[in-house]
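The structure under discussion appears below in the form of structure tokens.
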Amino acid sequence: SGALTNSATPTISGSAPTGSTVTVTVGGATYTTTATGGNWSVNLQSATPASGSLTLSLNGSNPVSVTATSTAGVVSTATTQSLVFDTTAPNAPAISIVTDNVGSNTGGLATGATTDDTDVLVRVSLTGTNAVTGDSVRLYDGASAIGVAATLSAQDISNGYIDIQSGTLTTGTTYAIGAKITDAAGNTSSGATAHSITVDTAAPNAPSISSGAL
């Protein structure tokens with residue numbers, strides 16, 4: 001199986017019998033470490049190879065082979081995996097429309113509009129983002145995440161958009177609603193151009209009646 005990462009020098013880790021010597025071969029370098037508590041790890045950024053020199057392909061797959069040697073000198077069968085790098089973030093999405101579904105005035109909200117809906121529906125366009133199934137989309141108010149991240153389905157990709165609820169918004173507050181996409185390797189896109197709305201659920205004060213003499 002493959003391990004996907006956006007770090008050029010990740011930490012490789014796994015399990016092995018406590019006290020065994022773990023030998024890791026990747027990118028032309030061989031590392032050794034001792035398993036502790038049934039676990040082991042090798043930080044490729046800081047560890048010194050026992051032999052060879054580390055050269056990783058940042059645009060493809062890097063085979064990893066791991067063996068464990070017992071204190072009696074018996075070597076296990078090698079476990080293999082591919083280390084795949086992805087350091088390219090998706091392109092920024094766009095906010096297509098923000099929809100008010102509460103009260104007598106419903107429908108799409110222009111940027112700068114006021115709404116009485118405290119959980120608006122936001123359509124995020126995926127056009128040109130290079131997003132794929134399994135990537136996640138999160139709404140933001142400026143730099144602060146709001147709502148719950150949504151995982152893109154094959155249908156979302158086919159549609160070219162995803163609809164996400166904003167989560168509870170506070171009355172009397174103006175929001176700059178944007179969105180970002182994060183891929184499976186952890187790369188996050190730039191934010192969508194913000195769509196500003198103000199939430200106002202407060203009713204006006206009751207009017208008074210000034211009557212003249214009857």
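So you can find residues: chains in the structure tokens are A, B, ... in the order shown, residues in each start at 1, and ligands are numbered from 1 in order.
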Those of region 86-144 of chain A in DSSP strand (DSSP E), formatted as a list in words: Ala94, Ile95, Ser96, Ile97, Val98, Thr99, Asp100, Gly107, Gly108, Leu109, Ala113, Thr114, Thr115, Leu121, Val122, Arg123, Val124, Ser125, Ser136, Val137, Arg138, Leu139, Tyr140, Asp141 and Ser144 of chain A
With only C-alpha atoms counted and 9 Å as the cut-off, give the residues of region 65-149 of chain A in contact with region 178-200 of chain A, each with its shortest interatomic distance in Å and the pair that gives it, as JSON lines.
{"residue": "A:Phe85", "atom": "CA", "partner": "A:Ala185", "partner_atom": "CA", "distance": 7.9}
{"residue": "A:Asp86", "atom": "CA", "partner": "A:Ala185", "partner_atom": "CA", "distance": 6.2}
{"residue": "A:Thr87", "atom": "CA", "partner": "A:Asn187", "partner_atom": "CA", "distance": 6.5}
{"residue": "A:Thr88", "atom": "CA", "partner": "A:Asn187", "partner_atom": "CA", "distance": 6.6}
{"residue": "A:Ala89", "atom": "CA", "partner": "A:Asn187", "partner_atom": "CA", "distance": 4.7}
{"residue": "A:Pro90", "atom": "CA", "partner": "A:Ser189", "partner_atom": "CA", "distance": 5.1}
{"residue": "A:Asn91", "atom": "CA", "partner": "A:Ser189", "partner_atom": "CA", "distance": 5.5}
{"residue": "A:Ala92", "atom": "CA", "partner": "A:Ser190", "partner_atom": "CA", "distance": 4.9}
{"residue": "A:Pro93", "atom": "CA", "partner": "A:Ala192", "partner_atom": "CA", "distance": 5.3}
{"residue": "A:Ala94", "atom": "CA", "partner": "A:Ala192", "partner_atom": "CA", "distance": 4.8}
{"residue": "A:Ile95", "atom": "CA", "partner": "A:Ala192", "partner_atom": "CA", "distance": 6.5}
{"residue": "A:Ile97", "atom": "CA", "partner": "A:His195", "partner_atom": "CA", "distance": 8.5}
{"residue": "A:Val98", "atom": "CA", "partner": "A:His195", "partner_atom": "CA", "distance": 7.9}
{"residue": "A:Leu109", "atom": "CA", "partner": "A:Ile197", "partner_atom": "CA", "distance": 7.7}
{"residue": "A:Ala110", "atom": "CA", "partner": "A:Ile197", "partner_atom": "CA", "distance": 7.9}
{"residue": "A:Thr111", "atom": "CA", "partner": "A:Ser196", "partner_atom": "CA", "distance": 4.9}
{"residue": "A:Gly112", "atom": "CA", "partner": "A:Ser196", "partner_atom": "CA", "distance": 5.0}
{"residue": "A:Ala113", "atom": "CA", "partner": "A:Ile197", "partner_atom": "CA", "distance": 5.1}
{"residue": "A:Thr114", "atom": "CA", "partner": "A:Thr198", "partner_atom": "CA", "distance": 4.6}
{"residue": "A:Thr115", "atom": "CA", "partner": "A:Val199", "partner_atom": "CA", "distance": 5.0}
{"residue": "A:Asp116", "atom": "CA", "partner": "A:Asp200", "partner_atom": "CA", "distance": 5.2}
{"residue": "A:Asp117", "atom": "CA", "partner": "A:Val199", "partner_atom": "CA", "distance": 6.9}
{"residue": "A:Thr118", "atom": "CA", "partner": "A:Val199", "partner_atom": "CA", "distance": 6.7}
{"residue": "A:Val124", "atom": "CA", "partner": "A:Ala179", "partner_atom": "CA", "distance": 7.2}
{"residue": "A:Thr129", "atom": "CA", "partner": "A:Ile181", "partner_atom": "CA", "distance": 8.4}
{"residue": "A:Ala131", "atom": "CA", "partner": "A:Asp183", "partner_atom": "CA", "distance": 7.4}
{"residue": "A:Val132", "atom": "CA", "partner": "A:Asp183", "partner_atom": "CA", "distance": 7.9}
{"residue": "A:Gly134", "atom": "CA", "partner": "A:Ala184", "partner_atom": "CA", "distance": 6.8}
{"residue": "A:Asp135", "atom": "CA", "partner": "A:Asp183", "partner_atom": "CA", "distance": 4.5}
{"residue": "A:Ser136", "atom": "CA", "partner": "A:Thr182", "partner_atom": "CA", "distance": 5.3}
{"residue": "A:Val137", "atom": "CA", "partner": "A:Ile181", "partner_atom": "CA", "distance": 4.6}
{"residue": "A:Arg138", "atom": "CA", "partner": "A:Ala179", "partner_atom": "CA", "distance": 5.6}
{"residue": "A:Leu139", "atom": "CA", "partner": "A:Ala179", "partner_atom": "CA", "distance": 4.3}
{"residue": "A:Tyr140", "atom": "CA", "partner": "A:Gly178", "partner_atom": "CA", "distance": 5.0}
{"residue": "A:Asp141", "atom": "CA", "partner": "A:Gly178", "partner_atom": "CA", "distance": 6.3}
{"residue": "A:Gly142", "atom": "CA", "partner": "A:Gly178", "partner_atom": "CA", "distance": 6.8}
{"residue": "A:Ala143", "atom": "CA", "partner": "A:Gly178", "partner_atom": "CA", "distance": 8.8}
{"residue": "A:Ala145", "atom": "CA", "partner": "A:Ala179", "partner_atom": "CA", "distance": 8.7}
Using only C-alpha atoms, pick whichever of A:Thr69, A:Gln81, A:Thr151, A:Ser76 has the shortest atom-to-atom distance to Ser13 (chain A).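 Nearest candidate to Ser13 (chain A) out of A:Thr69, A:Gln81, A:Thr151, A:Ser76: A:Gln81.
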Show which residues sit within 10 Å of Thr79 (chain A), as JSON, numbers by chain. Count only C-alpha atoms, and ignore same-chain residues fewer than 3 positions away. {"A": [24, 64, 65, 66, 67, 68, 76]}
Picked from region 118-195 of chain A by DSSP as alpha helix (DSSP H), as a PyMOL selection string: chain A and resi 154-159
Saved selection, atoms kept: C-alpha atoms, as a PDB file, in the first residue's frame:
ATOM      1  CA  ALA A 154     -17.734  11.589  -6.823  1.00  0.00           C
ATOM      2  CA  GLN A 155     -21.134  13.216  -7.347  1.00  0.00           C
ATOM      3  CA  ASP A 156     -19.849  16.561  -6.019  1.00  0.00           C
ATOM      4  CA  ILE A 157     -16.942  16.401  -8.464  1.00  0.00           C
ATOM      5  CA  SER A 158     -19.332  15.568 -11.302  1.00  0.00           C
ATOM      6  CA  ASN A 159     -21.666  18.428 -10.297  1.00  0.00           C
TER       7      ASN A 159
END
Grab the CA of Asp163 (chain A) to CA of Leu121 (chain A) distance for me, in Å with one decimal place.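 If I compute the distance from CA of Asp163 (chain A) to CA of Leu121 (chain A), I get 6.6 Å.
Considering only C-alpha atoms, the residue among A:Asn105, A:Ser166, A:Ser70, A:Thr5 positioned nearest to Gly19 (chain A) is A:Ser70.
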Here CA of Thr30 (chain A) and CA of Gly60 (chain A) stand apart by 19.6 Å
Please determine, counting only C-alpha atoms, which residue among A:Ser51, A:Thr80, A:Thr11, A:Thr21 has the shortest atom-to-atom distance to Pro63 (chain A). A:Thr80
Point-to-point distance from CA of Thr71 (chain A) to CA of Thr32 (chain A), Å rounded to tenths: 14.0 Å
I'd like the neighbourhood of Thr18 (chain A) as a PDB file with C-alpha atoms, in the first residue's frame, where a residue qualifies if any of its atoms comes within 10 Å (using only C-alpha atoms), though same-chain residues fewer than 6 positions away should be ignored.
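What ended up in around.pdb:
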ATOM      1  CA  THR A  34      15.489  -0.010  18.012  1.00  0.00           C
ATOM      2  CA  ALA A  35      11.820  -0.721  18.642  1.00  0.00           C
ATOM      3  CA  THR A  36      10.609   0.577  21.997  1.00  0.00           C
ATOM      4  CA  GLY A  37       7.284  -0.381  23.519  1.00  0.00           C
ATOM      5  CA  GLY A  38       6.445  -2.243  20.329  1.00  0.00           C
ATOM      6  CA  ASN A  39       6.907   0.834  18.136  1.00  0.00           C
ATOM      7  CA  TRP A  40       9.649   2.419  16.038  1.00  0.00           C
ATOM      8  CA  SER A  70      15.542 -10.107  16.905  1.00  0.00           C
ATOM      9  CA  THR A  71      18.067 -10.044  19.738  1.00  0.00           C
TER      10      THR A  71
END
Selected residue, from A:Thr170, A:Asn6, A:Thr201, A:Ser53, that lies nearest to Leu83 (chain A) when counting only C-alpha atoms: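 Nearest to Leu83 (chain A): A:Asn6.
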Need to verify the contact set: Ser57 (chain A), 9 Å, only C-alpha atoms, exclusion of same-chain residues closer than 2 positions in sequence. Can you return it as a PDB file with N, CA, C and O atoms, in the first residue's frame?
ATOM      1  N   GLY A  27      14.855   5.469  -0.588  1.00  0.00           N
ATOM      2  CA  GLY A  27      15.575   6.503  -1.320  1.00  0.00           C
ATOM      3  C   GLY A  27      17.077   6.313  -1.373  1.00  0.00           C
ATOM      4  O   GLY A  27      17.820   7.299  -1.356  1.00  0.00           O
ATOM      5  N   THR A  55      17.935  10.128  -1.263  1.00  0.00           N
ATOM      6  CA  THR A  55      17.469  10.903  -2.409  1.00  0.00           C
ATOM      7  C   THR A  55      16.046  10.467  -2.705  1.00  0.00           C
ATOM      8  O   THR A  55      15.823   9.327  -3.138  1.00  0.00           O
ATOM      9  N   ASN A  59       8.105  13.753  -6.953  1.00  0.00           N
ATOM     10  CA  ASN A  59       7.052  13.739  -7.961  1.00  0.00           C
ATOM     11  C   ASN A  59       6.649  12.312  -8.324  1.00  0.00           C
ATOM     12  O   ASN A  59       6.252  12.032  -9.441  1.00  0.00           O
ATOM     13  N   GLY A  60       6.781  11.418  -7.358  1.00  0.00           N
ATOM     14  CA  GLY A  60       6.432  10.034  -7.649  1.00  0.00           C
ATOM     15  C   GLY A  60       6.477   9.176  -6.410  1.00  0.00           C
ATOM     16  O   GLY A  60       6.398   9.655  -5.283  1.00  0.00           O
ATOM     17  N   SER A  61       6.641   7.879  -6.648  1.00  0.00           N
ATOM     18  CA  SER A  61       6.594   6.885  -5.582  1.00  0.00           C
ATOM     19  C   SER A  61       7.996   6.484  -5.149  1.00  0.00           C
ATOM     20  O   SER A  61       8.894   6.331  -5.981  1.00  0.00           O
ATOM     21  N   ASN A  62       8.172   6.323  -3.837  1.00  0.00           N
ATOM     22  CA  ASN A  62       9.455   5.929  -3.271  1.00  0.00           C
ATOM     23  C   ASN A  62       9.268   4.626  -2.490  1.00  0.00           C
ATOM     24  O   ASN A  62       8.618   4.622  -1.431  1.00  0.00           O
ATOM     25  N   VAL A  84       4.551   8.226  -1.194  1.00  0.00           N
ATOM     26  CA  VAL A  84       4.170   9.079  -2.317  1.00  0.00           C
ATOM     27  C   VAL A  84       4.051  10.519  -1.842  1.00  0.00           C
ATOM     28  O   VAL A  84       3.367  10.802  -0.858  1.00  0.00           O
ATOM     29  N   PHE A  85       4.713  11.429  -2.554  1.00  0.00           N
ATOM     30  CA  PHE A  85       4.700  12.840  -2.182  1.00  0.00           C
ATOM     31  C   PHE A  85       3.695  13.619  -3.020  1.00  0.00           C
ATOM     32  O   PHE A  85       3.568  13.394  -4.223  1.00  0.00           O
TER      33      PHE A  85
END
